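First comes the structure, then the notes that go with it.
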Amino acid sequence: MEQQVITELKQLLGRQYVMDRLEDRICYSFDATFRDFPPDVVVKPGSVEEVAAIVKLAGQYNIPVTARGAATGLSGGSVPVRGGISLVLTRLNRIIEIDAANRVAVVEAGVITEDFVNAVNKAGLFYPPDPASAKTSTIGGNIAECAGGPRGVKYGITRDYVLGLEVVLPDGSIIEAGNRFDSEMAGPDWGMLFVGSEGTLGIVTKAYLRLVDKPQAKQTLLAIFNSLDDAARTVSGMIAAGTIPTTLEIMDNQTICAVEDYLQAGLPVKAEAILLIEVDGNAVSISTQAEHVMKACRQWGATEIQVASTPADSDKLWRARKAISPACGKINPTKISEDATVPRSQIPAMVRRLREIAQKYDLKMVIFGHAGDGNLHPNILSNKHNHQEMERVEQAVEELFKAALDLGGTLSGEHGIGYMKAPFLKWETGETGFAAGQKLKAAVDPQGVLNPGKLFTA
Ligand SMILES: Cc1cc2nc3c(=O)[nH]c(=O)nc-3n(C[C@H](O)[C@H](O)[C@H](O)COP(=O)(O)OP(=O)(O)OC[C@H]3O[C@@H](n4cnc5c(N)ncnc54)[C@H](O)[C@@H]3O)c2cc1C
């Protein structure tokens, strides 16, 4: 990168917010996947005007700009595969307003998800999207990836809570897209264009987010199964019968053992699978909902159902669920975390296909995920320094994508496409859909400045 660009960036932001030493560039070269691409320079703007000025400058010099929240992404979205500017949004971290009367919050893109959830909670309201990375991820990253989470089965995912966005477009102009409150609808809802666009169409700087009433009560249950297939059939059977819990998380035996080894949470290590289920609502409906859940679990083969009797018991179970990632990381250093998702009626078939794939390629695969959404997370626990194993991993991942698409599913339920799944995107969109995606990108970002090498530009 020309020294002149660095000089101009320092003039724009101040020296302390522009980093071009090798050690800084290395720190911003990776996310939660396993490959790294260093940017030429890292910048940390403190306002939307600064973001706009950086993007404009990048356009003048034809330099790529890759937005970065907390870099917890699992598809390589925030790594600058073609170098250029890493645009870190974590200084835009103000919760501007929580408007209880209109059930809307206004937040900047760099706010940590959990900080926002806690602030909303304190105001007596509820923001349901709950990615397992919420302690670290940012609202901007959640929007750009359309993050999901355990509560998706009842409450939906990030897109269901985005009303409107402030966005810096690739030419450096600043727009407000979408709506600021529920009943506003002046023109098409093209704020949605930026949800799930992975920083390829615009940089989100501020969001108007829908809030809902806080549930009065909740109940957590743990259903234990002797067969993974029975647990999978319970998920689709329960929802088909009209019982929609708040969360419906599945863990197979290898996941249970990994977490137990890591956390000693008292999980049933002899079980072939467990379902972690939560129901919420008003105090009166909770026990009825819990009864329906227990009935469905027994009907489909649960051997035991434990009911968390105190909030501490419930927290313990959720701590176990949230510990899956570090627990698996302890087994093998390279954790390939996929989120190929199928219609929930196909979960039993998908689980069978996943087990066959793991066996065929002789790989250690744990299966867990937001089963209520059909969003399974097969994680292959491998070592990137073992090249033979990594070749088998690549073949297994391809087969896993094919299996999901054969069953009417998708390459990604929530982690996005990034650069890692981009080579397979055509399998899902078809040639025509892919070409339309490329035209859209070219129309919004003709120079291809924003996050090149991702989605339709890989
Ligand atoms: C342990 C673990 C658990 C996880 N659990 C879940 C889960 O339950 N559900 C789920 O959905 N995901 C999950 N993820 C994946 C990840 O946390 C989400 O994708 C999250 O939304 C990424 O947020 P981030 O701030 O880290 O974004 P980053 O990783 O920094 O960026 C992700 C993408 O968004 C773009 N981007 C970031 N900020 C902006 C912005 N302001 N404007 C435009 N583009 C932007 C980046 O360019 C990139 O393409 C998990 C990850 C880990 C490591």
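All residue names refer to the structure tokens as shown: chains lettered A, B, ... in order, residues numbered from 1 in each chain, ligands numbered from 1 in order.
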Interface rows for region 184-252 of chain A against region 168-171 of chain A: nearest pair, Å to one decimal, 10 Å, only C-alpha atoms, as a tab-separated table:
residue	atom	partner	partner_atom	distance
A:Thr200	CA	A:Pro170	CA	8.8
A:Leu201	CA	A:Leu169	CA	6.9
A:Gly202	CA	A:Leu169	CA	4.7
A:Ile203	CA	A:Val168	CA	5.0
A:Val204	CA	A:Val168	CA	6.5
A:Thr205	CA	A:Val168	CA	7.2
A:Lys206	CA	A:Val168	CA	9.8
I'd like the contact shell of region 245-260 of chain A - 6 Å cut-off, only C-alpha atoms, skipping same-chain residues fewer than 4 positions apart - returned as an mmCIF file with C-alpha atoms, in the first residue's frame.
data_model
loop_
_atom_site.group_PDB
_atom_site.id
_atom_site.type_symbol
_atom_site.label_atom_id
_atom_site.label_comp_id
_atom_site.auth_asym_id
_atom_site.auth_seq_id
_atom_site.Cartn_x
_atom_site.Cartn_y
_atom_site.Cartn_z
ATOM 1 C CA PRO A 150 -30.784 -21.196 20.272
ATOM 2 C CA ARG A 151 -33.883 -19.003 20.574
ATOM 3 C CA LYS A 154 -39.478 -19.543 18.659
ATOM 4 C CA GLN A 264 -17.700 -31.316 34.849
ATOM 5 C CA ALA A 265 -21.295 -30.074 34.607
ATOM 6 C CA VAL A 269 -21.936 -39.181 29.511
ATOM 7 C CA GLU A 272 -26.186 -41.171 22.959
ATOM 8 C CA ALA A 273 -27.808 -37.742 22.724
ATOM 9 C CA ILE A 274 -29.477 -35.047 24.781
ATOM 10 C CA LEU A 275 -31.913 -32.287 23.981
ATOM 11 C CA LEU A 276 -31.623 -29.070 25.956
ATOM 12 C CA ILE A 277 -35.045 -27.511 25.853
ATOM 13 C CA GLU A 278 -36.400 -24.266 27.220
ATOM 14 C CA VAL A 279 -39.948 -22.952 27.258
ATOM 15 C CA ILE A 324 -19.000 -26.764 23.539
ATOM 16 C CA ALA A 327 -14.311 -28.038 24.995
ATOM 17 C CA VAL A 366 -19.143 -33.954 16.933
ATOM 18 C CA ILE A 367 -22.751 -33.102 16.171
ATOM 19 C CA PHE A 368 -24.683 -30.443 18.055
ATOM 20 C CA GLY A 369 -26.669 -27.342 17.165
ATOM 21 C CA HIS A 370 -29.932 -25.476 17.066
ATOM 22 C CA ALA A 371 -31.940 -28.544 16.092
ATOM 23 C CA GLY A 372 -35.266 -26.755 16.428
#
Residue set, region 262-413 of chain A restricted to strand (DSSP E or B), as a PyMOL selection string: chain A and resi 273-281+302-307+334-337+341+365-370+375-382+410
Nearest to ligand 1 by atom-to-atom distance, counting only C-alpha atoms and all ligand atoms, from A:Asp373, A:Glu414, A:Glu304, A:Asp213: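 The closest residue to ligand 1 is A:Glu414.
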Residue among A:Lys214, A:His377, A:His415, A:Arg344 lying closest to Asn121 (chain A), counting only C-alpha atoms: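 The closest residue to Asn121 (chain A) is A:Lys214.
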Which of A:Asn332, A:Ser78, A:Ser325, A:Gln216 sits closest to Ala132 (chain A) [using only C-alpha atoms]: A:Ser325
